[in-house]
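K.L.:
Before anything else, here's the structure in question.
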Amino acid sequence: MILVLVPLLGVAVFFALRALAPLSLVPRPSSLGLTDGSDTSDLLRKVRKVEIKTRGLSNQIFSGQYHSAFKGRGMAFSEVREYQMGDDVRTIDWNVTARAGDPYVKVFEEERELTVMLLVDVSGSGDFGSKVMMKRQMMTEICAVLSFSAIQNNDKVGIIFFSDRVEKFIPPKKGKSHILRIIRELIDFTPEHKGTNLSEALRYLTNVVKKRSITFLLTDFMDKGYSDALKLANKKHDLVAIRVYDQLEQEIPNVGLLPMTDSETGELVWVDTSNKQTRIKLKANSLRFEAELKDLLMKSGVDMAEVRTDGSYIKPLLNLFKRRGAR
């Protein structure tokens, strides 16, 4: 009965644990580190805090791995220089060599200037986290790291916020000031709707972003019926999925009678977590959801990294970059 009232779409996405004292069923905006009547200086302080942390990680860890994982369109001729021991003889420019009387080689550089799009889920389910941070906070830091890595490689960055519709689109641009604007929006943006529609977001990406891009899709994937839009988007763009989830979406502890509120619809149900069969069924639903998601992404040719709200995103992102760089 409980599983009928609480389908997979809502398993632990929408609840707040009330083991000790009555609390609100969904987190308040202020608990997310988002502005709720805060002044401009408070917002700038939060932007600066995110910048310091993520820019440092990008400089020290991610920038080189990012460059290797996401390659440019090809190699372009740069210059000629004198032959040095160890140079590939196939790069010798015989015309220049004949004129100069000494061997010269052609030097090529990678054509980069990639376009990076961040497709970010700002639906109600992002306002949940059971321990360290909310899912939306985690997505903000990941977006910031990816953005700084991109501009260090001279790439453009744009962002699309979506719920059950596209909420906001910031076109791709270069530069630190543009990245700080994106971080500011990630922290301060308030969506008009709480639902999730991955198909709508993916169709918008396909239709609006004309140039092929590397698109990072950051979401908890709590939606259905988006497989066709996913495959179509990945044909036009290089789509990379980053699933952000909470441990309580995988397994619920025995804490007695628990209120669960769907943060996207407002539906409230009570679940008896002391019932072993209930916990087993919820766990089975979670495992089935994860298996079906991985199968869909694999068949669609979409790479994925999984990041838990109480864990670090460094290792999952590095592993993703290394897998792509090895190809």
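Chain labels run A, B, ... following the order of the structure tokens; each chain numbers its residues from 1, and ligands are numbered from 1 in the order shown.
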Tell me which protein, DNA and RNA residues are within 12 Å of Ile280 of chain A, counting only C-alpha atoms, leaving out same-chain ones fewer than 2 positions away, and put them as a list in words.
P.N.:
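Neighbouring residues, sequence-local ones excluded: Leu3, Gln250, Glu251, Ile252, Pro253, Asn254, Thr273, Ser274, Asn275, Lys276, Gln277, Thr278, Leu282, Lys283, Ala284, Asn285, Ser286 and Leu287 of chain A.
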K.L.:
Name the residues of segment 197-250 of chain A that fall into strand (DSSP E or B) according to DSSP on the backbone, using the chain letters and numbers of this document, as a PyMOL selection string.
P.N.:
chain A and resi 214-219+238-245
K.L.:
Quick one, how far is atom CA of Arg165 of chain A from atom CA of Leu202 of chain A?
P.N.:
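According to the coordinates, atom CA of Arg165 of chain A and atom CA of Leu202 of chain A are separated by 10.3 Å.
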K.L.:
Of the candidates A:Leu230, A:Val89, A:Ile183, A:Leu218, which shows the shortest atom-to-atom distance to Lys299 of chain A, using only C-alpha atoms?
P.N.:
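So, comparing all the options, the nearest one is A:Leu230.
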K.L.:
Got a sec to tell me which of segment 97-237 of chain A DSSP assigns to alpha helix (DSSP H), as an NGL selection string?
P.N.:
:A and (97-100 or 135-152 or 176-188 or 198-208 or 227-236)
K.L.:
Using only C-alpha atoms, which of the listed residues (A:Val132, A:Thr219, A:Asp303, A:Asn95) sits closest to Lys322 of chain A?
P.N.:
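For Lys322 of chain A, the nearest of the candidates is A:Asp303.
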K.L.:
Rank A:Ala233, A:Val269, A:Leu146, A:Ile242 by their smallest atom-to-atom distance to Glu51 of chain A, using only C-alpha atoms, and report the top residue only.
P.N.:
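Of A:Ala233, A:Val269, A:Leu146, A:Ile242, the one nearest Glu51 of chain A is A:Leu146, counting only C-alpha atoms.
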K.L.:
List the spatial neighbours of Met298 of chain A as a PDB file with N, CA and C atoms, in the first residue's frame - criterion: any atom at most 12 Å away, only C-alpha atoms, same-chain residues fewer than 3 positions off excluded.
P.N.:
```pdb
ATOM      1  N   SER A 227      13.543   9.043 -22.756  1.00  0.00           N
ATOM      2  CA  SER A 227      14.595   8.305 -23.478  1.00  0.00           C
ATOM      3  C   SER A 227      14.779   8.808 -24.907  1.00  0.00           C
ATOM      4  N   LEU A 230      16.540  12.124 -24.902  1.00  0.00           N
ATOM      5  CA  LEU A 230      17.928  11.921 -24.496  1.00  0.00           C
ATOM      6  C   LEU A 230      18.786  11.466 -25.676  1.00  0.00           C
ATOM      7  N   LYS A 231      18.291  10.487 -26.413  1.00  0.00           N
ATOM      8  CA  LYS A 231      19.048   9.970 -27.557  1.00  0.00           C
ATOM      9  C   LYS A 231      19.214  11.022 -28.640  1.00  0.00           C
ATOM     10  N   ASN A 234      21.797  13.604 -27.592  1.00  0.00           N
ATOM     11  CA  ASN A 234      23.165  13.086 -27.623  1.00  0.00           C
ATOM     12  C   ASN A 234      23.687  12.916 -29.049  1.00  0.00           C
ATOM     13  N   LEU A 239      26.651  14.563 -24.782  1.00  0.00           N
ATOM     14  CA  LEU A 239      25.914  14.632 -23.522  1.00  0.00           C
ATOM     15  C   LEU A 239      26.606  13.808 -22.448  1.00  0.00           C
ATOM     16  N   VAL A 240      26.783  14.413 -21.275  1.00  0.00           N
ATOM     17  CA  VAL A 240      27.390  13.751 -20.123  1.00  0.00           C
ATOM     18  C   VAL A 240      26.445  13.905 -18.938  1.00  0.00           C
ATOM     19  N   ALA A 241      26.051  12.791 -18.334  1.00  0.00           N
ATOM     20  CA  ALA A 241      25.102  12.820 -17.226  1.00  0.00           C
ATOM     21  C   ALA A 241      25.845  12.826 -15.888  1.00  0.00           C
ATOM     22  N   ALA A 291      19.433   0.581 -11.932  1.00  0.00           N
ATOM     23  CA  ALA A 291      19.799  -0.345 -13.011  1.00  0.00           C
ATOM     24  C   ALA A 291      19.187   0.099 -14.336  1.00  0.00           C
ATOM     25  N   GLU A 292      17.917   0.514 -14.298  1.00  0.00           N
ATOM     26  CA  GLU A 292      17.247   0.954 -15.523  1.00  0.00           C
ATOM     27  C   GLU A 292      17.870   2.235 -16.068  1.00  0.00           C
ATOM     28  N   LEU A 293      18.262   3.139 -15.168  1.00  0.00           N
ATOM     29  CA  LEU A 293      18.902   4.381 -15.601  1.00  0.00           C
ATOM     30  C   LEU A 293      20.249   4.108 -16.265  1.00  0.00           C
ATOM     31  N   LYS A 294      21.066   3.280 -15.643  1.00  0.00           N
ATOM     32  CA  LYS A 294      22.377   2.964 -16.214  1.00  0.00           C
ATOM     33  C   LYS A 294      22.237   2.264 -17.554  1.00  0.00           C
ATOM     34  N   ASP A 295      21.257   1.393 -17.655  1.00  0.00           N
ATOM     35  CA  ASP A 295      21.025   0.687 -18.921  1.00  0.00           C
ATOM     36  C   ASP A 295      20.619   1.665 -20.023  1.00  0.00           C
ATOM     37  N   GLY A 301      24.531   5.866 -25.302  1.00  0.00           N
ATOM     38  CA  GLY A 301      25.893   6.350 -25.499  1.00  0.00           C
ATOM     39  C   GLY A 301      26.244   7.548 -24.643  1.00  0.00           C
ATOM     40  N   VAL A 302      25.593   7.670 -23.477  1.00  0.00           N
ATOM     41  CA  VAL A 302      25.825   8.810 -22.592  1.00  0.00           C
ATOM     42  C   VAL A 302      26.660   8.385 -21.388  1.00  0.00           C
ATOM     43  N   ASP A 303      27.790   9.052 -21.184  1.00  0.00           N
ATOM     44  CA  ASP A 303      28.619   8.783 -20.004  1.00  0.00           C
ATOM     45  C   ASP A 303      27.939   9.330 -18.759  1.00  0.00           C
ATOM     46  N   MET A 304      28.219   8.695 -17.612  1.00  0.00           N
ATOM     47  CA  MET A 304      27.608   9.161 -16.369  1.00  0.00           C
ATOM     48  C   MET A 304      28.581   9.112 -15.209  1.00  0.00           C
TER      49      MET A 304
END
```
K.L.:
For the atom pair atom CA of Lys49 of chain A and atom CA of Ser149 of chain A, what is the interatomic distance in Å to one decimal place?
P.N.:
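Rounded to one decimal, the two atoms are 17.1 Å apart.
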K.L.:
So that I can check the surroundings of Asp228 of chain A, please list as a VMD selection string every protein, DNA and RNA residue that reaches within 12 Å of it, counting only C-alpha atoms and ignoring chain neighbours fewer than 6 positions away.
P.N.:
chain A and resid 198 to 200 202 to 203 206 234 to 235 296 to 297 299 to 300
K.L.:
Any idea what the distance is between atom CA of His193 of chain A and atom CA of Lys236 of chain A?
P.N.:
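The value is 27.7 Å.
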K.L.:
Do you know which residues are at most 6 Å from Asp220 of chain A counting only C-alpha atoms, after dropping those on the same chain fewer than 5 positions away, and could you put them as a PyMOL selection string?
P.N.:
chain A and resi 243-245
K.L.:
In terms of the shortest atom-to-atom distance over only C-alpha atoms, which of A:Lys194, A:Arg324, A:Lys210, A:His178 is closest to Ser263 of chain A?
P.N.:
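Answer, going by the shortest atom-to-atom distance: A:Lys194.
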K.L.:
So that I can see what lies close to Arg136 of chain A, please list as a PDB file with N, CA and C atoms, in the first residue's frame the residues with an atom at most 9 Å from it, counting only C-alpha atoms and leaving out residues fewer than 6 positions away in the same chain.
P.N.:
```pdb
ATOM      1  N   LEU A  32      19.340  26.149   2.507  1.00  0.00           N
ATOM      2  CA  LEU A  32      20.066  25.679   1.329  1.00  0.00           C
ATOM      3  C   LEU A  32      21.280  26.541   1.046  1.00  0.00           C
ATOM      4  N   ASP A 121      18.972  20.813 -13.254  1.00  0.00           N
ATOM      5  CA  ASP A 121      17.655  20.547 -12.688  1.00  0.00           C
ATOM      6  C   ASP A 121      17.444  21.407 -11.432  1.00  0.00           C
ATOM      7  N   VAL A 122      16.443  22.309 -11.489  1.00  0.00           N
ATOM      8  CA  VAL A 122      16.148  23.160 -10.330  1.00  0.00           C
ATOM      9  C   VAL A 122      14.746  22.849  -9.789  1.00  0.00           C
ATOM     10  N   SER A 125      12.773  18.596  -6.085  1.00  0.00           N
ATOM     11  CA  SER A 125      13.515  17.475  -5.502  1.00  0.00           C
ATOM     12  C   SER A 125      14.965  17.815  -5.203  1.00  0.00           C
ATOM     13  N   GLY A 126      15.451  18.929  -5.766  1.00  0.00           N
ATOM     14  CA  GLY A 126      16.825  19.341  -5.474  1.00  0.00           C
ATOM     15  C   GLY A 126      16.976  19.947  -4.093  1.00  0.00           C
ATOM     16  N   ASP A 127      15.854  20.339  -3.486  1.00  0.00           N
ATOM     17  CA  ASP A 127      15.894  20.949  -2.156  1.00  0.00           C
ATOM     18  C   ASP A 127      15.845  19.878  -1.074  1.00  0.00           C
ATOM     19  N   PHE A 128      16.666  18.875  -1.242  1.00  0.00           N
ATOM     20  CA  PHE A 128      16.709  17.794  -0.263  1.00  0.00           C
ATOM     21  C   PHE A 128      18.135  17.312  -0.057  1.00  0.00           C
ATOM     22  N   GLY A 129      18.466  17.029   1.189  1.00  0.00           N
ATOM     23  CA  GLY A 129      19.740  16.456   1.541  1.00  0.00           C
ATOM     24  C   GLY A 129      19.679  16.037   2.992  1.00  0.00           C
ATOM     25  N   LEU A 186      23.180  30.252  -9.950  1.00  0.00           N
ATOM     26  CA  LEU A 186      23.024  28.931  -9.332  1.00  0.00           C
ATOM     27  C   LEU A 186      22.664  29.044  -7.857  1.00  0.00           C
ATOM     28  N   ILE A 187      23.244  30.021  -7.177  1.00  0.00           N
ATOM     29  CA  ILE A 187      22.987  30.201  -5.757  1.00  0.00           C
ATOM     30  C   ILE A 187      21.640  30.871  -5.512  1.00  0.00           C
ATOM     31  N   THR A 219      21.206  16.287 -12.638  1.00  0.00           N
ATOM     32  CA  THR A 219      19.863  16.011 -12.183  1.00  0.00           C
ATOM     33  C   THR A 219      19.863  14.757 -11.317  1.00  0.00           C
ATOM     34  N   VAL A 244      23.050  13.362  -9.240  1.00  0.00           N
ATOM     35  CA  VAL A 244      23.255  13.771  -7.859  1.00  0.00           C
ATOM     36  C   VAL A 244      22.119  13.178  -7.031  1.00  0.00           C
TER      37      VAL A 244
END
```
K.L.:
Let me make sure I understand: among A:Leu57, A:Val157, A:Ile92, A:Leu320, which one has the smallest atom-to-atom distance to Arg181 of chain A if we use only C-alpha atoms?
P.N.:
A:Val157
